[in-house]
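One file, my_file29.pdb, is given below (PDB, C-alpha atoms, pLDDT in the B column).
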ATOM      1  CA  MET J   1       0.000   0.000   0.000  1.00 69.00           C
ATOM      2  CA  TRP J   2       2.763   2.483   0.930  1.00 78.00           C
ATOM      3  CA  GLN J   3       4.505   1.855  -2.364  1.00 83.00           C
ATOM      4  CA  ASN J   4       1.302   2.591  -4.267  1.00 82.00           C
ATOM      5  CA  LEU J   5       0.827   5.830  -2.297  1.00 88.00           C
ATOM      6  CA  TRP J   6       4.418   6.809  -3.086  1.00 91.00           C
ATOM      7  CA  HIS J   7       3.735   6.091  -6.770  1.00 93.00           C
ATOM      8  CA  LEU J   8       0.717   8.417  -6.578  1.00 92.00           C
ATOM      9  CA  VAL J   9       2.888  11.167  -5.092  1.00 90.00           C
ATOM     10  CA  TRP J  10       5.616  10.744  -7.660  1.00 91.00           C
ATOM     11  CA  GLY J  11       3.367  10.168 -10.688  1.00 91.00           C
ATOM     12  CA  PHE J  12       1.206  13.229 -10.125  1.00 89.00           C
ATOM     13  CA  PHE J  13       4.144  15.352  -8.952  1.00 87.00           C
ATOM     14  CA  VAL J  14       6.106  14.650 -12.142  1.00 85.00           C
ATOM     15  CA  ALA J  15       3.120  15.168 -14.434  1.00 84.00           C
ATOM     16  CA  ASN J  16       2.151  18.479 -12.901  1.00 79.00           C
ATOM     17  CA  VAL J  17       5.586  19.955 -12.281  1.00 75.00           C
ATOM     18  CA  LEU J  18       6.620  19.312 -15.883  1.00 76.00           C
ATOM     19  CA  GLY J  19       3.244  20.395 -17.268  1.00 68.00           C
ATOM     20  CA  TYR J  20       4.333  23.870 -18.329  1.00 59.00           C
ATOM     21  CA  GLY J  21       1.324  25.864 -19.416  1.00 60.00           C
ATOM     22  CA  GLY J  22      -1.321  24.528 -17.066  1.00 63.00           C
ATOM     23  CA  GLY J  23      -3.920  21.775 -17.257  1.00 63.00           C
ATOM     24  CA  PRO J  24      -3.939  21.140 -21.000  1.00 69.00           C
ATOM     25  CA  SER J  25      -0.188  20.623 -21.136  1.00 72.00           C
ATOM     26  CA  SER J  26      -0.136  18.395 -18.053  1.00 81.00           C
ATOM     27  CA  ILE J  27      -2.842  16.065 -19.390  1.00 85.00           C
ATOM     28  CA  PRO J  28      -0.512  14.148 -21.763  1.00 86.00           C
ATOM     29  CA  LEU J  29       2.010  13.853 -18.936  1.00 87.00           C
ATOM     30  CA  MET J  30      -0.689  12.597 -16.575  1.00 90.00           C
ATOM     31  CA  GLU J  31      -1.816  10.135 -19.225  1.00 91.00           C
ATOM     32  CA  ALA J  32       1.744   8.810 -19.531  1.00 91.00           C
ATOM     33  CA  GLN J  33       2.009   8.323 -15.767  1.00 91.00           C
ATOM     34  CA  ILE J  34      -1.507   6.948 -15.263  1.00 94.00           C
ATOM     35  CA  VAL J  35      -1.667   4.634 -18.297  1.00 94.00           C
ATOM     36  CA  ASP J  36       1.881   3.820 -19.367  1.00 93.00           C
ATOM     37  CA  THR J  37       3.960   3.968 -16.186  1.00 92.00           C
ATOM     38  CA  TYR J  38       1.682   2.834 -13.343  1.00 94.00           C
ATOM     39  CA  HIS J  39      -1.224   1.216 -15.254  1.00 95.00           C
ATOM     40  CA  TRP J  40      -3.886   2.658 -12.953  1.00 95.00           C
ATOM     41  CA  LEU J  41      -6.148   2.996 -16.027  1.00 95.00           C
ATOM     42  CA  ASN J  42      -6.013   1.853 -19.622  1.00 94.00           C
ATOM     43  CA  GLU J  43      -6.238   4.327 -22.540  1.00 91.00           C
ATOM     44  CA  THR J  44      -9.993   3.961 -22.930  1.00 90.00           C
ATOM     45  CA  GLN J  45     -10.609   4.476 -19.214  1.00 94.00           C
ATOM     46  CA  PHE J  46      -8.342   7.527 -19.217  1.00 94.00           C
ATOM     47  CA  THR J  47     -10.253   8.961 -22.171  1.00 89.00           C
ATOM     48  CA  HIS J  48     -13.523   8.506 -20.278  1.00 90.00           C
ATOM     49  CA  VAL J  49     -12.117  10.142 -17.139  1.00 93.00           C
ATOM     50  CA  LEU J  50     -10.766  13.023 -19.222  1.00 90.00           C
ATOM     51  CA  ALA J  51     -14.166  13.545 -20.849  1.00 86.00           C
ATOM     52  CA  LEU J  52     -15.886  13.532 -17.469  1.00 87.00           C
ATOM     53  CA  ALA J  53     -13.267  15.891 -16.012  1.00 87.00           C
ATOM     54  CA  ASN J  54     -13.880  18.295 -18.892  1.00 81.00           C
ATOM     55  CA  ALA J  55     -17.613  18.224 -18.269  1.00 79.00           C
ATOM     56  CA  LEU J  56     -17.340  19.136 -14.591  1.00 82.00           C
ATOM     57  CA  PRO J  57     -16.415  22.596 -13.319  1.00 81.00           C
ATOM     58  CA  GLY J  58     -12.926  23.313 -12.025  1.00 83.00           C
ATOM     59  CA  PRO J  59      -9.391  22.332 -12.973  1.00 85.00           C
ATOM     60  CA  ILE J  60      -9.098  19.175 -15.046  1.00 87.00           C
ATOM     61  CA  ALA J  61      -5.887  17.939 -13.399  1.00 88.00           C
ATOM     62  CA  THR J  62      -7.356  17.887  -9.890  1.00 90.00           C
ATOM     63  CA  LYS J  63     -10.448  16.004 -11.048  1.00 92.00           C
ATOM     64  CA  ILE J  64      -8.302  13.385 -12.764  1.00 93.00           C
ATOM     65  CA  ALA J  65      -6.086  13.168  -9.661  1.00 93.00           C
ATOM     66  CA  THR J  66      -9.150  12.726  -7.472  1.00 94.00           C
ATOM     67  CA  TYR J  67     -10.551   9.882  -9.541  1.00 95.00           C
ATOM     68  CA  VAL J  68      -7.287   8.045 -10.120  1.00 96.00           C
ATOM     69  CA  GLY J  69      -6.033   8.623  -6.575  1.00 95.00           C
ATOM     70  CA  TYR J  70      -9.215   7.238  -5.069  1.00 96.00           C
ATOM     71  CA  GLY J  71      -9.145   4.214  -7.370  1.00 94.00           C
ATOM     72  CA  ALA J  72      -5.491   3.477  -6.660  1.00 93.00           C
ATOM     73  CA  GLY J  73      -5.390   4.212  -2.925  1.00 92.00           C
ATOM     74  CA  GLY J  74      -8.821   5.003  -1.502  1.00 93.00           C
ATOM     75  CA  TRP J  75      -9.330   8.218   0.442  1.00 96.00           C
ATOM     76  CA  ALA J  76      -5.628   8.490   1.296  1.00 95.00           C
ATOM     77  CA  GLY J  77      -4.739   8.034  -2.376  1.00 94.00           C
ATOM     78  CA  MET J  78      -7.231  10.710  -3.388  1.00 95.00           C
ATOM     79  CA  LEU J  79      -5.777  13.175  -0.888  1.00 96.00           C
ATOM     80  CA  ILE J  80      -2.182  12.371  -1.808  1.00 94.00           C
ATOM     81  CA  ALA J  81      -2.803  12.612  -5.568  1.00 94.00           C
ATOM     82  CA  ASN J  82      -4.489  15.997  -5.119  1.00 93.00           C
ATOM     83  CA  VAL J  83      -1.732  17.355  -2.881  1.00 94.00           C
ATOM     84  CA  ALA J  84       0.900  16.119  -5.356  1.00 92.00           C
ATOM     85  CA  THR J  85      -1.054  17.860  -8.132  1.00 89.00           C
ATOM     86  CA  VAL J  86      -1.749  21.207  -6.465  1.00 88.00           C
ATOM     87  CA  VAL J  87       1.095  21.994  -4.043  1.00 88.00           C
ATOM     88  CA  PRO J  88       4.051  21.755  -6.453  1.00 81.00           C
ATOM     89  CA  SER J  89       2.265  23.985  -8.946  1.00 75.00           C
ATOM     90  CA  ALA J  90       1.336  26.525  -6.300  1.00 83.00           C
ATOM     91  CA  VAL J  91       4.896  26.703  -4.961  1.00 86.00           C
ATOM     92  CA  ALA J  92       6.360  26.781  -8.467  1.00 77.00           C
ATOM     93  CA  VAL J  93       4.032  29.616  -9.494  1.00 77.00           C
ATOM     94  CA  VAL J  94       5.113  31.774  -6.593  1.00 87.00           C
ATOM     95  CA  LEU J  95       8.827  31.079  -7.075  1.00 87.00           C
ATOM     96  CA  LEU J  96       8.887  31.190 -10.874  1.00 79.00           C
ATOM     97  CA  LEU J  97       6.791  34.315 -11.166  1.00 81.00           C
ATOM     98  CA  ARG J  98       9.138  36.116  -8.817  1.00 87.00           C
ATOM     99  CA  LEU J  99      12.131  34.907 -10.827  1.00 83.00           C
ATOM    100  CA  LEU J 100      10.564  35.602 -14.235  1.00 78.00           C
ATOM    101  CA  ASN J 101       9.441  39.033 -13.092  1.00 80.00           C
ATOM    102  CA  ARG J 102      12.982  39.848 -12.048  1.00 84.00           C
ATOM    103  CA  TYR J 103      14.433  38.724 -15.405  1.00 79.00           C
ATOM    104  CA  ARG J 104      11.463  39.362 -17.723  1.00 75.00           C
ATOM    105  CA  GLN J 105      13.545  41.434 -20.151  1.00 82.00           C
ATOM    106  CA  SER J 106      16.126  38.657 -20.552  1.00 84.00           C
ATOM    107  CA  ASP J 107      16.447  36.994 -23.960  1.00 86.00           C
ATOM    108  CA  VAL J 108      17.031  33.690 -22.168  1.00 84.00           C
ATOM    109  CA  VAL J 109      13.689  33.893 -20.345  1.00 79.00           C
ATOM    110  CA  ARG J 110      11.859  34.888 -23.536  1.00 80.00           C
ATOM    111  CA  GLY J 111      13.557  32.064 -25.437  1.00 84.00           C
ATOM    112  CA  MET J 112      12.646  29.504 -22.772  1.00 79.00           C
ATOM    113  CA  THR J 113       8.990  30.433 -22.784  1.00 77.00           C
ATOM    114  CA  LEU J 114       8.750  30.560 -26.585  1.00 82.00           C
ATOM    115  CA  LEU J 115      10.630  27.344 -27.361  1.00 83.00           C
ATOM    116  CA  VAL J 116       8.694  25.154 -24.944  1.00 80.00           C
ATOM    117  CA  GLN J 117       5.410  25.921 -26.740  1.00 82.00           C
ATOM    118  CA  PRO J 118       6.048  23.622 -29.748  1.00 88.00           C
ATOM    119  CA  VAL J 119       6.845  20.756 -27.372  1.00 85.00           C
ATOM    120  CA  ILE J 120       3.521  21.282 -25.607  1.00 82.00           C
ATOM    121  CA  ALA J 121       1.743  21.470 -28.959  1.00 87.00           C
ATOM    122  CA  VAL J 122       3.219  18.107 -29.988  1.00 90.00           C
ATOM    123  CA  MET J 123       2.242  16.511 -26.668  1.00 83.00           C
ATOM    124  CA  MET J 124      -1.327  17.754 -27.061  1.00 85.00           C
ATOM    125  CA  ALA J 125      -1.441  16.598 -30.697  1.00 90.00           C
ATOM    126  CA  LEU J 126      -0.356  13.102 -29.648  1.00 88.00           C
ATOM    127  CA  LEU J 127      -3.025  12.983 -26.952  1.00 83.00           C
ATOM    128  CA  THR J 128      -5.605  14.223 -29.462  1.00 87.00           C
ATOM    129  CA  TRP J 129      -4.514  11.511 -31.897  1.00 90.00           C
ATOM    130  CA  GLN J 130      -4.880   8.804 -29.218  1.00 86.00           C
ATOM    131  CA  ILE J 131      -8.318  10.011 -28.146  1.00 84.00           C
ATOM    132  CA  GLY J 132      -9.427  10.356 -31.776  1.00 88.00           C
ATOM    133  CA  ARG J 133      -8.146   6.868 -32.603  1.00 89.00           C
ATOM    134  CA  ASP J 134     -10.080   5.417 -29.657  1.00 85.00           C
ATOM    135  CA  SER J 135     -13.232   7.286 -30.723  1.00 85.00           C
ATOM    136  CA  VAL J 136     -12.989   5.994 -34.282  1.00 89.00           C
ATOM    137  CA  HIS J 137     -12.358   2.474 -33.008  1.00 89.00           C
ATOM    138  CA  MET J 138     -15.383   2.564 -30.712  1.00 86.00           C
ATOM    139  CA  LEU J 139     -17.803   4.611 -32.857  1.00 88.00           C
ATOM    140  CA  GLY J 140     -16.648   4.111 -36.422  1.00 89.00           C
ATOM    141  CA  TRP J 141     -15.294   6.723 -38.830  1.00 92.00           C
ATOM    142  CA  TRP J 142     -18.563   8.338 -39.854  1.00 92.00           C
ATOM    143  CA  GLN J 143     -20.060   8.758 -36.421  1.00 91.00           C
ATOM    144  CA  ALA J 144     -16.778  10.031 -34.937  1.00 90.00           C
ATOM    145  CA  LEU J 145     -16.347  12.549 -37.792  1.00 92.00           C
ATOM    146  CA  ILE J 146     -19.939  13.762 -37.554  1.00 93.00           C
ATOM    147  CA  ILE J 147     -19.694  14.212 -33.787  1.00 92.00           C
ATOM    148  CA  ALA J 148     -16.369  16.052 -34.160  1.00 92.00           C
ATOM    149  CA  ALA J 149     -17.801  18.299 -36.897  1.00 95.00           C
ATOM    150  CA  VAL J 150     -20.920  19.110 -34.875  1.00 95.00           C
ATOM    151  CA  ALA J 151     -18.788  19.845 -31.794  1.00 94.00           C
ATOM    152  CA  TYR J 152     -16.538  22.104 -33.854  1.00 95.00           C
ATOM    153  CA  LEU J 153     -19.468  23.996 -35.354  1.00 97.00           C
ATOM    154  CA  LEU J 154     -21.161  24.425 -31.994  1.00 96.00           C
ATOM    155  CA  MET J 155     -18.049  25.659 -30.181  1.00 95.00           C
ATOM    156  CA  GLU J 156     -16.238  27.632 -32.884  1.00 95.00           C
ATOM    157  CA  ARG J 157     -19.004  28.952 -35.108  1.00 95.00           C
ATOM    158  CA  LEU J 158     -21.989  29.227 -32.770  1.00 96.00           C
ATOM    159  CA  LYS J 159     -19.892  29.916 -29.637  1.00 95.00           C
ATOM    160  CA  VAL J 160     -21.712  27.337 -27.505  1.00 95.00           C
ATOM    161  CA  HIS J 161     -19.873  26.786 -24.225  1.00 93.00           C
ATOM    162  CA  PRO J 162     -17.710  23.603 -24.339  1.00 90.00           C
ATOM    163  CA  ALA J 163     -19.349  22.261 -21.158  1.00 87.00           C
ATOM    164  CA  LEU J 164     -22.729  22.288 -22.897  1.00 91.00           C
ATOM    165  CA  VAL J 165     -21.267  20.510 -25.938  1.00 93.00           C
ATOM    166  CA  ILE J 166     -19.739  17.859 -23.670  1.00 88.00           C
ATOM    167  CA  LEU J 167     -23.054  17.486 -21.823  1.00 89.00           C
ATOM    168  CA  ALA J 168     -24.856  17.065 -25.158  1.00 91.00           C
ATOM    169  CA  ALA J 169     -22.296  14.424 -26.163  1.00 89.00           C
ATOM    170  CA  PHE J 170     -22.926  12.578 -22.877  1.00 86.00           C
ATOM    171  CA  VAL J 171     -26.666  12.599 -23.520  1.00 89.00           C
ATOM    172  CA  TYR J 172     -26.188  11.497 -27.130  1.00 89.00           C
ATOM    173  CA  GLY J 173     -23.800   8.753 -26.046  1.00 86.00           C
ATOM    174  CA  GLY J 174     -26.198   7.545 -23.366  1.00 85.00           C
ATOM    175  CA  ILE J 175     -29.162   7.416 -25.733  1.00 89.00           C
ATOM    176  CA  VAL J 176     -27.652   6.448 -29.101  1.00 84.00           C
ATOM    177  CA  VAL J 177     -24.285   4.789 -28.384  1.00 75.00           C
ATOM    178  CA  ARG J 178     -24.727   2.180 -25.699  1.00 66.00           C
TER     179      ARG J 178
END
Represent the structure of the file as structure tokens.
Amino acid sequence: MWQNLWHLVWGFFVANVLGYGGGPSSIPLMEAQIVDTYHWLNETQFTHVLALANALPGPIATKIATYVGYGAGGWAGMLIANVATVVPSAVAVVLLLRLLNRYRQSDVVRGMTLLVQPVIAVMMALLTWQIGRDSVHMLGWWQALIIAAVAYLLMERLKVHPALVILAAFVYGGIVVR
């Protein structure tokens, strides 16, 4: 049990400390820890947890940590996963913002913040590919493409809030895709 709790600390600590840019950039790192390293969930389960975390209010990373932590270590695991998710980021924000503010005119600081963005973009693209692949596998090409197109139109063209689109997808999935 203690080893599993330590794995929760380390897995969520690593994913969230290295997740430069907030929740979206830490999600692929969390997925690597949760699915590939510690096998707390498989890819399909992670995709479902991610969808649910997106549908609920609040930070995505803490909701994923809550679910996975509870599943892997009960109440203690839930608490530990959340602390390992929140505390390092909070401390890092305070320390890094002070440091970046002091050296904000530095070319080195500007270069660091600009050059890490393509890495984050690639990580998010890989996660998108994995989730898309799972959707196509489970729903088929046509249904997955139609759902993606409708979601795109609703969010980008009609400016429907993403939470409402996710809720609609849940309802559709519960009624049509069983």
Do you know which residues the PyMOL selection byres ((chain J and resi 130-142) around 12) returns on this file, as an MDAnalysis selection string? chainID J and resid 27:28 31:32 42:51 123:129 143:149 173 176:178
For this file, the PyMOL selection byres ((chain J and resi 65-78) around 9) selects which residues, as a ChimeraX atom specification? /J:1,4-5,8-9,12,30,34,40-41,49,60-64,79-85
Expansion of the PyMOL selection byres ((chain J and resi 156-168) around 9) into residues, as number ranges by chain: J: 51-52, 54-57, 151-155, 169-173
note - atom CA of Asn16 of chain J and atom CA of Ile120 of chain J are separated by 13.1 Å
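Straight-line separation from atom CA of Val17 of chain J to atom CA of Gly58 of chain J: 18.8 Å.
Computed from the coordinates, the atom CA of Trp10 of chain J to atom CA of Ser89 of chain J distance equals 13.7 Å.
Between Val109 of chain J and the residues J:Leu97, J:His7, J:Val87, J:Asp36, the shortest atom-to-atom distance, using all atoms listed in the file, involves J:Leu97.
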Draw an axis-aligned box over all listed atoms of segment 125-130 of chain J, pad each side with 6 Å, and write its centre and edge lengths in Å, one decimal, as AutoDock Vina command-line options.
--center_x -3.0 --center_y 12.7 --center_z -29.4 --size_x 17.2 --size_y 19.8 --size_z 16.9
